[in-house]
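Trainee: Before I ask anything, let me first share the structure, which is written out below as structure tokens.
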Amino acid sequence: MRDVIPTGMGPDSEYLFARMTGLTLAWTEPAPGSRILDVASGPGGDVRSLAAQGALAVGVEPSSRMLGLARSLALEGEGPIPGLVQAWSDALPFADGAFDAALCKGSLDHFDQPEAAIAEMARVTRAQGWVVLAIANFESAACRLARGIDTLRERAGGAIRPGRRMYDVPSDHFTRYDLDLMLQQAGRSLEVERVEGISLGWGFPGWGRVLERLPDAAARGVVQALGAWARRLPRHADVVLLAGRPRASSTSP
Ligand SMILES: C[S@@+](CC[C@H](N)C(=O)[O-])C[C@H]1O[C@@H](n2cnc3c(N)ncnc32)[C@H](O)[C@@H]1O
């Protein structure tokens with residue numbers, strides 16, 4: 001995770017992760033007894049949070065280490081224990097329409113078969129349920145601007161900075177997403193009804209240091225104001241959240 005978080009946990013990162021998590025979970029419409037699947041649940045924070053709201057939450061994860069960590073954290077906590085199942089996203093071991101909602105947060109770009117995973121999420125979600133996807137946008141305004149500046153600098157003979165640039169896809173990602181690709185892949189299995197951007201400027205070189213120099217309240221205000229723009233400008237936002245209903249062809253009659 002460290003590799004993907006270029007600015008550490010400054011106010012921009014705090015805003016981005018809090019909003020990404022809050023909105024993703026809210027869009028699944030958790031309610032007591034609702035059946036919600038988290039695909040690639042990792043350490044399980046989201047399934048624990050959904051279970052604490054009364055949902056019958058199930059996390060799916062292929063990694064034994066992640067599942068072990070998720071189980072330990074659930075047992076250490078005081079809330080209800082969510083279901084945790086070992087499986088790949090492109091072969092979900094659940095019946096058609098078994099869930100009221102499915103979510104996949106920050107993981108689709110790690111999958112070798114993301115379209116198959118979205119099709120599986122649509123299949124196991126009931127008709128009129130929600131499939132919610134949160135994905136990093138590598139054509140965000142921050143990525144494009146940083147890339148443009150580096151290109152100009154390199155053309156002018158400036159030194160090429162070593163290491164991964166914030167607009168380079170991390171080595172553990174299979175897919176470099178932008179809004180069009182997200183809509184294209186999601187649209188094959190989902191009727192996409194909601195699209196929203198989360199945060200602007202995250203990871204832009206030097207931006208974290210600028211925010212650090214501001215008084216806390218001012219830094220938070222700037223980040224929130226940019227966040228308000230990002231909501232309406234998902235194409236330029238750092239993360240895109242989209243939600244859709246399973247297409248009729250994705251579920252059994
Ligand atoms: C960045 S973590 C995200 C974890 C979690 N969703 C969160 O927001 O904390 C990505 C997760 O994707 C999982 N993963 C990678 N490839 C997968 C696949 N094909 N199917 C399901 N999960 C996969 C990894 O094991 C890892 O736990």
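To be explicit about the labels: the chains of the structure tokens are called A, B, and onward in the order shown, and within each one the residues are counted from 1, while ligands get numbers from 1 in the order they are shown.
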Set the distance at 7 Å and use only C-alpha atoms: which residues neighbour A:Val39 once local chain neighbours fewer than 3 positions away are removed? I'd like the list as a ChimeraX atom specification.

Mentor: /A:59-61,89,103-104

Trainee: Write out as a JSON list (two decimals) with N, CA and C atoms, in the first residue's frame each polymer residue whose atoms come within 9 Å of A:Arg188, counting only C-alpha atoms; drop sequence neighbours fewer than 4 positions from it.

Mentor:
[["chain", "number", "residue", "atom", "x", "y", "z"],
["A", 115, "GLU", "N", -13.10, -7.78, -15.93],
["A", 115, "GLU", "CA", -14.46, -7.83, -16.51],
["A", 115, "GLU", "C", -15.22, -9.07, -16.04],
["A", 118, "ILE", "N", -16.45, -8.29, -12.58],
["A", 118, "ILE", "CA", -17.65, -7.43, -12.55],
["A", 118, "ILE", "C", -18.88, -8.28, -12.95],
["A", 119, "ALA", "N", -18.70, -9.16, -13.95],
["A", 119, "ALA", "CA", -19.82, -10.03, -14.37],
["A", 119, "ALA", "C", -20.25, -10.93, -13.21],
["A", 183, "LEU", "N", -16.24, 2.80, -17.38],
["A", 183, "LEU", "CA", -17.63, 2.77, -17.86],
["A", 183, "LEU", "C", -17.83, 1.66, -18.88],
["A", 184, "GLN", "N", -16.81, 1.49, -19.73],
["A", 184, "GLN", "CA", -16.90, 0.45, -20.77],
["A", 184, "GLN", "C", -16.97, -0.94, -20.13],
["A", 247, "ARG", "N", -27.35, -6.03, -15.15],
["A", 247, "ARG", "CA", -28.13, -6.14, -16.39],
["A", 247, "ARG", "C", -28.93, -7.44, -16.34]]

Trainee: Select from stretch 133-189 of chain A everything DSSP, run on the backbone, classes as strand (DSSP E or B), then give the selection as a VMD selection string.

Mentor: chain A and resid 133 to 136

Trainee: Any chance you can output those residues with C-alpha atoms as a short mmCIF file (atom, residue, chain, number, x, y, z; two decimals), in the first residue's frame?

Mentor:
data_model
loop_
_atom_site.label_atom_id
_atom_site.label_comp_id
_atom_site.auth_asym_id
_atom_site.auth_seq_id
_atom_site.Cartn_x
_atom_site.Cartn_y
_atom_site.Cartn_z
CA LEU A 133 -16.96 -0.07 -7.71
CA ALA A 134 -14.29 2.36 -6.42
CA ILE A 135 -11.29 2.64 -8.73
CA ALA A 136 -8.15 4.82 -8.90
#

Trainee: Within 7 Å of ligand 1, which residues show up when you count only C-alpha atoms and all ligand atoms? List them as a list in words, please.

Mentor: Met1, Val39, Ala40, Ser41, Gly42, Pro43, Gly44, Gly45, Asp46, Val60, Glu61, Pro62, Ser63, Met66, Ala87, Trp88, Ser89, Asp90, Cys104, Lys105, Gly106, Ser107, His110, Phe111, Asp112 and Gln113 of chain A

Trainee: Restricted to N, CA and C atoms, what would the selected residues look like written as a PDB file, in the first residue's frame?

Mentor:
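Result file follows (out_33.pdb):
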ATOM      1  N   MET A   1       0.846  -1.203   0.000  1.00  0.00           N
ATOM      2  CA  MET A   1       0.000   0.000   0.000  1.00  0.00           C
ATOM      3  C   MET A   1       0.880   1.251   0.000  1.00  0.00           C
ATOM      4  N   VAL A  39     -15.903  -7.816  -2.431  1.00  0.00           N
ATOM      5  CA  VAL A  39     -14.989  -8.619  -3.249  1.00  0.00           C
ATOM      6  C   VAL A  39     -13.576  -8.046  -3.117  1.00  0.00           C
ATOM      7  N   ALA A  40     -12.612  -8.909  -2.776  1.00  0.00           N
ATOM      8  CA  ALA A  40     -11.230  -8.508  -2.457  1.00  0.00           C
ATOM      9  C   ALA A  40     -11.250  -7.689  -1.169  1.00  0.00           C
ATOM     10  N   SER A  41     -11.694  -8.317  -0.112  1.00  0.00           N
ATOM     11  CA  SER A  41     -11.957  -7.600   1.145  1.00  0.00           C
ATOM     12  C   SER A  41     -10.685  -7.292   1.927  1.00  0.00           C
ATOM     13  N   GLY A  42      -9.525  -7.835   1.512  1.00  0.00           N
ATOM     14  CA  GLY A  42      -8.255  -7.475   2.148  1.00  0.00           C
ATOM     15  C   GLY A  42      -8.298  -7.692   3.651  1.00  0.00           C
ATOM     16  N   PRO A  43      -7.849  -6.717   4.450  1.00  0.00           N
ATOM     17  CA  PRO A  43      -7.841  -6.898   5.904  1.00  0.00           C
ATOM     18  C   PRO A  43      -9.225  -6.829   6.543  1.00  0.00           C
ATOM     19  N   GLY A  44     -10.259  -6.565   5.758  1.00  0.00           N
ATOM     20  CA  GLY A  44     -11.626  -6.761   6.247  1.00  0.00           C
ATOM     21  C   GLY A  44     -12.265  -5.585   6.965  1.00  0.00           C
ATOM     22  N   GLY A  45     -11.656  -4.407   6.907  1.00  0.00           N
ATOM     23  CA  GLY A  45     -12.227  -3.244   7.609  1.00  0.00           C
ATOM     24  C   GLY A  45     -13.641  -2.930   7.127  1.00  0.00           C
ATOM     25  N   ASP A  46     -13.876  -3.080   5.837  1.00  0.00           N
ATOM     26  CA  ASP A  46     -15.196  -2.713   5.303  1.00  0.00           C
ATOM     27  C   ASP A  46     -16.272  -3.726   5.689  1.00  0.00           C
ATOM     28  N   VAL A  60     -14.820 -11.639   0.403  1.00  0.00           N
ATOM     29  CA  VAL A  60     -14.177 -12.668  -0.421  1.00  0.00           C
ATOM     30  C   VAL A  60     -12.751 -12.220  -0.692  1.00  0.00           C
ATOM     31  N   GLU A  61     -11.796 -13.114  -0.500  1.00  0.00           N
ATOM     32  CA  GLU A  61     -10.383 -12.755  -0.621  1.00  0.00           C
ATOM     33  C   GLU A  61      -9.624 -14.026  -1.004  1.00  0.00           C
ATOM     34  N   PRO A  62      -8.712 -13.937  -1.999  1.00  0.00           N
ATOM     35  CA  PRO A  62      -7.940 -15.143  -2.333  1.00  0.00           C
ATOM     36  C   PRO A  62      -6.736 -15.359  -1.409  1.00  0.00           C
ATOM     37  N   SER A  63      -6.244 -14.291  -0.780  1.00  0.00           N
ATOM     38  CA  SER A  63      -4.985 -14.379  -0.035  1.00  0.00           C
ATOM     39  C   SER A  63      -5.202 -14.937   1.370  1.00  0.00           C
ATOM     40  N   MET A  66      -4.176 -12.337   4.004  1.00  0.00           N
ATOM     41  CA  MET A  66      -5.189 -11.287   4.215  1.00  0.00           C
ATOM     42  C   MET A  66      -6.369 -11.843   5.015  1.00  0.00           C
ATOM     43  N   ALA A  87     -11.711 -17.050  -2.096  1.00  0.00           N
ATOM     44  CA  ALA A  87     -12.096 -17.254  -3.503  1.00  0.00           C
ATOM     45  C   ALA A  87     -11.504 -16.152  -4.361  1.00  0.00           C
ATOM     46  N   TRP A  88     -11.426 -16.437  -5.676  1.00  0.00           N
ATOM     47  CA  TRP A  88     -11.027 -15.429  -6.657  1.00  0.00           C
ATOM     48  C   TRP A  88     -12.265 -14.663  -7.106  1.00  0.00           C
ATOM     49  N   SER A  89     -12.049 -13.435  -7.533  1.00  0.00           N
ATOM     50  CA  SER A  89     -13.187 -12.583  -7.910  1.00  0.00           C
ATOM     51  C   SER A  89     -13.890 -13.052  -9.181  1.00  0.00           C
ATOM     52  N   ASP A  90     -13.181 -13.801 -10.028  1.00  0.00           N
ATOM     53  CA  ASP A  90     -13.814 -14.200 -11.295  1.00  0.00           C
ATOM     54  C   ASP A  90     -14.523 -15.538 -11.190  1.00  0.00           C
ATOM     55  N   CYS A 104     -16.624  -3.470  -4.543  1.00  0.00           N
ATOM     56  CA  CYS A 104     -15.215  -3.790  -4.772  1.00  0.00           C
ATOM     57  C   CYS A 104     -14.461  -2.467  -4.688  1.00  0.00           C
ATOM     58  N   LYS A 105     -13.662  -2.309  -3.647  1.00  0.00           N
ATOM     59  CA  LYS A 105     -13.022  -1.010  -3.372  1.00  0.00           C
ATOM     60  C   LYS A 105     -11.508  -1.099  -3.540  1.00  0.00           C
ATOM     61  N   GLY A 106     -11.008  -0.301  -4.472  1.00  0.00           N
ATOM     62  CA  GLY A 106      -9.553  -0.181  -4.644  1.00  0.00           C
ATOM     63  C   GLY A 106      -8.868  -1.454  -5.077  1.00  0.00           C
ATOM     64  N   SER A 107      -9.586  -2.334  -5.737  1.00  0.00           N
ATOM     65  CA  SER A 107      -9.008  -3.648  -6.033  1.00  0.00           C
ATOM     66  C   SER A 107      -9.128  -4.074  -7.486  1.00  0.00           C
ATOM     67  N   HIS A 110      -6.180  -4.690  -9.500  1.00  0.00           N
ATOM     68  CA  HIS A 110      -5.286  -5.787  -9.104  1.00  0.00           C
ATOM     69  C   HIS A 110      -5.699  -7.095  -9.779  1.00  0.00           C
ATOM     70  N   PHE A 111      -6.875  -7.116 -10.402  1.00  0.00           N
ATOM     71  CA  PHE A 111      -7.404  -8.396 -10.906  1.00  0.00           C
ATOM     72  C   PHE A 111      -6.870  -8.674 -12.308  1.00  0.00           C
ATOM     73  N   ASP A 112      -6.567  -9.945 -12.568  1.00  0.00           N
ATOM     74  CA  ASP A 112      -6.131 -10.293 -13.924  1.00  0.00           C
ATOM     75  C   ASP A 112      -7.330 -10.375 -14.871  1.00  0.00           C
ATOM     76  N   GLN A 113      -8.531 -10.581 -14.335  1.00  0.00           N
ATOM     77  CA  GLN A 113      -9.719 -10.645 -15.202  1.00  0.00           C
ATOM     78  C   GLN A 113     -10.811  -9.733 -14.641  1.00  0.00           C
TER      79      GLN A 113
END

Trainee: Run DSSP on the backbone and grab whatever in stretch 65-217 of chain A lands in alpha helix (DSSP H); send it over as a ChimeraX atom specification.

Mentor: /A:65-76,114-124,141-155,179-189,207-213,216-217

Trainee: What lies within 9 Å of A:Arg176 using only C-alpha atoms, ignoring chain neighbours under 3 positions off, as a list in words?

Mentor: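 Listing them by chain and then by number gives Asp109, Ala136, Asn137, Phe138, Glu139, Asp168, Val169, His173 and Leu181 of chain A.
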
Trainee: Could you write out the selected residues, including N, CA, C and O atoms, as a PDB file, in the first residue's frame?

Mentor:
ATOM      1  N   ASP A 109      -8.197  -2.980 -10.193  1.00  0.00           N
ATOM      2  CA  ASP A 109      -6.969  -2.885 -10.995  1.00  0.00           C
ATOM      3  C   ASP A 109      -5.928  -3.939 -10.595  1.00  0.00           C
ATOM      4  O   ASP A 109      -4.919  -4.103 -11.268  1.00  0.00           O
ATOM      5  N   ALA A 136      -9.099   3.704  -8.721  1.00  0.00           N
ATOM      6  CA  ALA A 136      -8.150   4.823  -8.898  1.00  0.00           C
ATOM      7  C   ALA A 136      -8.103   5.220 -10.373  1.00  0.00           C
ATOM      8  O   ALA A 136      -8.079   4.366 -11.257  1.00  0.00           O
ATOM      9  N   ASN A 137      -8.093   6.540 -10.606  1.00  0.00           N
ATOM     10  CA  ASN A 137      -8.128   7.092 -11.974  1.00  0.00           C
ATOM     11  C   ASN A 137      -6.727   7.561 -12.372  1.00  0.00           C
ATOM     12  O   ASN A 137      -6.242   8.565 -11.839  1.00  0.00           O
ATOM     13  N   PHE A 138      -6.106   6.850 -13.301  1.00  0.00           N
ATOM     14  CA  PHE A 138      -4.745   7.226 -13.718  1.00  0.00           C
ATOM     15  C   PHE A 138      -4.739   8.246 -14.852  1.00  0.00           C
ATOM     16  O   PHE A 138      -3.692   8.535 -15.416  1.00  0.00           O
ATOM     17  N   GLU A 139      -5.921   8.801 -15.170  1.00  0.00           N
ATOM     18  CA  GLU A 139      -6.015   9.971 -16.067  1.00  0.00           C
ATOM     19  C   GLU A 139      -6.639  11.133 -15.299  1.00  0.00           C
ATOM     20  O   GLU A 139      -7.336  11.977 -15.885  1.00  0.00           O
ATOM     21  N   ASP A 168       2.450   6.678 -12.746  1.00  0.00           N
ATOM     22  CA  ASP A 168       2.807   5.334 -13.208  1.00  0.00           C
ATOM     23  C   ASP A 168       1.967   4.314 -12.443  1.00  0.00           C
ATOM     24  O   ASP A 168       1.800   4.432 -11.225  1.00  0.00           O
ATOM     25  N   VAL A 169       1.520   3.303 -13.173  1.00  0.00           N
ATOM     26  CA  VAL A 169       0.715   2.274 -12.523  1.00  0.00           C
ATOM     27  C   VAL A 169       1.634   1.399 -11.661  1.00  0.00           C
ATOM     28  O   VAL A 169       2.694   0.980 -12.117  1.00  0.00           O
ATOM     29  N   HIS A 173      -0.523  -3.797 -10.252  1.00  0.00           N
ATOM     30  CA  HIS A 173      -1.780  -3.530 -10.961  1.00  0.00           C
ATOM     31  C   HIS A 173      -1.734  -4.162 -12.351  1.00  0.00           C
ATOM     32  O   HIS A 173      -0.708  -4.105 -13.018  1.00  0.00           O
ATOM     33  N   LEU A 181     -12.638   3.679 -19.583  1.00  0.00           N
ATOM     34  CA  LEU A 181     -12.440   2.224 -19.459  1.00  0.00           C
ATOM     35  C   LEU A 181     -13.325   1.650 -18.351  1.00  0.00           C
ATOM     36  O   LEU A 181     -13.896   0.568 -18.492  1.00  0.00           O
TER      37      LEU A 181
END

Trainee: With only C-alpha atoms as the counted atoms, please give the residues lying no more than 9 Å from stretch 227-233 of chain A, apart from itself and same-chain residues fewer than 5 positions off, as a PyMOL selection string.

Mentor: chain A and resi 15-16+195-200+222+238-240

Trainee: Output N, CA, C and O atoms for every residue in the selection just made, as a short mmCIF file (atom, residue, chain, number, x, y, z; two decimals), in the first residue's frame.

Mentor:
data_model
loop_
_atom_site.label_atom_id
_atom_site.label_comp_id
_atom_site.auth_asym_id
_atom_site.auth_seq_id
_atom_site.Cartn_x
_atom_site.Cartn_y
_atom_site.Cartn_z
N TYR A 15 -8.66 12.62 3.66
CA TYR A 15 -9.94 12.92 3.01
C TYR A 15 -10.28 11.85 1.99
O TYR A 15 -11.39 11.31 1.96
N LEU A 16 -9.30 11.53 1.13
CA LEU A 16 -9.57 10.59 0.04
C LEU A 16 -10.01 9.23 0.59
O LEU A 16 -11.03 8.68 0.17
N VAL A 195 -22.31 7.91 -10.93
CA VAL A 195 -20.85 8.08 -11.10
C VAL A 195 -20.46 9.35 -10.32
O VAL A 195 -21.09 10.39 -10.49
N GLU A 196 -19.46 9.22 -9.49
CA GLU A 196 -19.02 10.39 -8.72
C GLU A 196 -17.50 10.36 -8.57
O GLU A 196 -16.91 9.29 -8.44
N GLY A 197 -16.88 11.54 -8.60
CA GLY A 197 -15.43 11.61 -8.39
C GLY A 197 -15.12 11.87 -6.93
O GLY A 197 -15.91 12.48 -6.20
N ILE A 198 -13.93 11.42 -6.50
CA ILE A 198 -13.50 11.64 -5.12
C ILE A 198 -12.11 12.28 -5.14
O ILE A 198 -11.17 11.67 -5.63
N SER A 199 -12.00 13.48 -4.65
CA SER A 199 -10.74 14.21 -4.43
C SER A 199 -10.05 14.64 -5.72
O SER A 199 -10.09 13.97 -6.75
N LEU A 200 -9.42 15.81 -5.63
CA LEU A 200 -8.64 16.37 -6.76
C LEU A 200 -7.25 16.71 -6.26
O LEU A 200 -7.11 17.28 -5.17
N VAL A 222 -9.37 23.43 2.08
CA VAL A 222 -8.94 23.36 0.67
C VAL A 222 -9.27 21.98 0.10
O VAL A 222 -9.82 21.84 -1.00
N ASP A 238 -9.37 11.86 -8.55
CA ASP A 238 -8.32 10.88 -8.23
C ASP A 238 -8.88 9.46 -8.15
O ASP A 238 -8.20 8.50 -8.49
N VAL A 239 -10.10 9.36 -7.67
CA VAL A 239 -10.78 8.06 -7.58
C VAL A 239 -12.17 8.23 -8.14
O VAL A 239 -12.78 9.30 -7.99
N VAL A 240 -12.66 7.21 -8.83
CA VAL A 240 -14.02 7.25 -9.36
C VAL A 240 -14.85 6.18 -8.66
O VAL A 240 -14.40 5.05 -8.49
#

Trainee: Counting only C-alpha atoms, what are the residues of stretch 66-168 of chain A within 10 Å of stretch 204-219 of chain A, and for each of them which pair of atoms is the nearest and at what distance in Å, to one decimal? Sort the table by chain and rising number, as a tab-separated table.

Mentor:
residue	atom	partner	partner_atom	distance
A:Ala141	CA	A:Phe204	CA	9.2
A:Ala142	CA	A:Phe204	CA	5.5
A:Cys143	CA	A:Phe204	CA	7.1
A:Arg144	CA	A:Phe204	CA	9.7
A:Leu145	CA	A:Phe204	CA	8.2
A:Ala146	CA	A:Phe204	CA	6.4
A:Arg147	CA	A:Phe204	CA	9.8
A:Arg165	CA	A:Pro205	CA	8.9
A:Met166	CA	A:Phe204	CA	7.1
A:Tyr167	CA	A:Phe204	CA	8.9

Trainee: Write out as a PDB file with C-alpha atoms, in the first residue's frame which residues come within 9 Å of A:Ala31 when counting only C-alpha atoms, dropping same-chain ones fewer than 4 positions away.

Mentor:
ATOM      1  CA  ARG A  35     -26.741  -9.221   2.424  1.00  0.00           C
ATOM      2  CA  LEU A  50     -20.960  -3.273   7.403  1.00  0.00           C
ATOM      3  CA  GLN A  53     -24.354  -1.702  10.927  1.00  0.00           C
ATOM      4  CA  GLY A  54     -26.349  -4.953  11.083  1.00  0.00           C
ATOM      5  CA  ALA A  55     -25.707  -6.130   7.532  1.00  0.00           C
ATOM      6  CA  LEU A  56     -24.981  -9.789   6.802  1.00  0.00           C
TER       7      LEU A  56
END

Trainee: Which residues are close to A:Gly79, i.e. within 8 Å by only C-alpha atoms, leaving aside same-chain residues fewer than 3 positions away? Reply as a ChimeraX atom specification.

Mentor: /A:48,51-52,74

Trainee: Restrict the selected residues to N, CA, C and O atoms and save them as a PDB file, in the first residue's frame.

Mentor:
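File selection00.pdb, as written:
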ATOM      1  N   ARG A  48     -16.231  -5.526   8.361  1.00  0.00           N
ATOM      2  CA  ARG A  48     -16.495  -5.337   9.805  1.00  0.00           C
ATOM      3  C   ARG A  48     -17.425  -4.155  10.012  1.00  0.00           C
ATOM      4  O   ARG A  48     -18.367  -4.200  10.802  1.00  0.00           O
ATOM      5  N   ALA A  51     -20.916  -5.139   8.972  1.00  0.00           N
ATOM      6  CA  ALA A  51     -21.510  -6.045   9.966  1.00  0.00           C
ATOM      7  C   ALA A  51     -21.935  -5.259  11.198  1.00  0.00           C
ATOM      8  O   ALA A  51     -22.985  -5.521  11.801  1.00  0.00           O
ATOM      9  N   ALA A  52     -21.129  -4.242  11.570  1.00  0.00           N
ATOM     10  CA  ALA A  52     -21.462  -3.425  12.748  1.00  0.00           C
ATOM     11  C   ALA A  52     -22.757  -2.642  12.522  1.00  0.00           C
ATOM     12  O   ALA A  52     -23.438  -2.254  13.467  1.00  0.00           O
ATOM     13  N   ALA A  74     -11.131  -9.200  13.264  1.00  0.00           N
ATOM     14  CA  ALA A  74     -12.559  -9.333  13.618  1.00  0.00           C
ATOM     15  C   ALA A  74     -12.696  -9.902  15.027  1.00  0.00           C
ATOM     16  O   ALA A  74     -13.544  -9.456  15.811  1.00  0.00           O
TER      17      ALA A  74
END

Trainee: Report, in Å to a single decimal, how far apart atom CA of A:Asp150 and atom CA of A:Gly201 are.

Mentor: 16.0 Å

Trainee: Find the residues around A:Met121 up to 10 Å (only C-alpha atoms counted), leave out those fewer than 5 positions away in its own chain, and share them as a ChimeraX atom specification.

Mentor: /A:37-39,89-92,94,96-97,99,101-104,115-116,126,130-132,189-190,246,250

Trainee: I'd like to know which of A:Arg235, A:Arg71, A:Arg19, A:Arg245 is closest to A:Tyr177, using only C-alpha atoms.

Mentor: A:Arg235
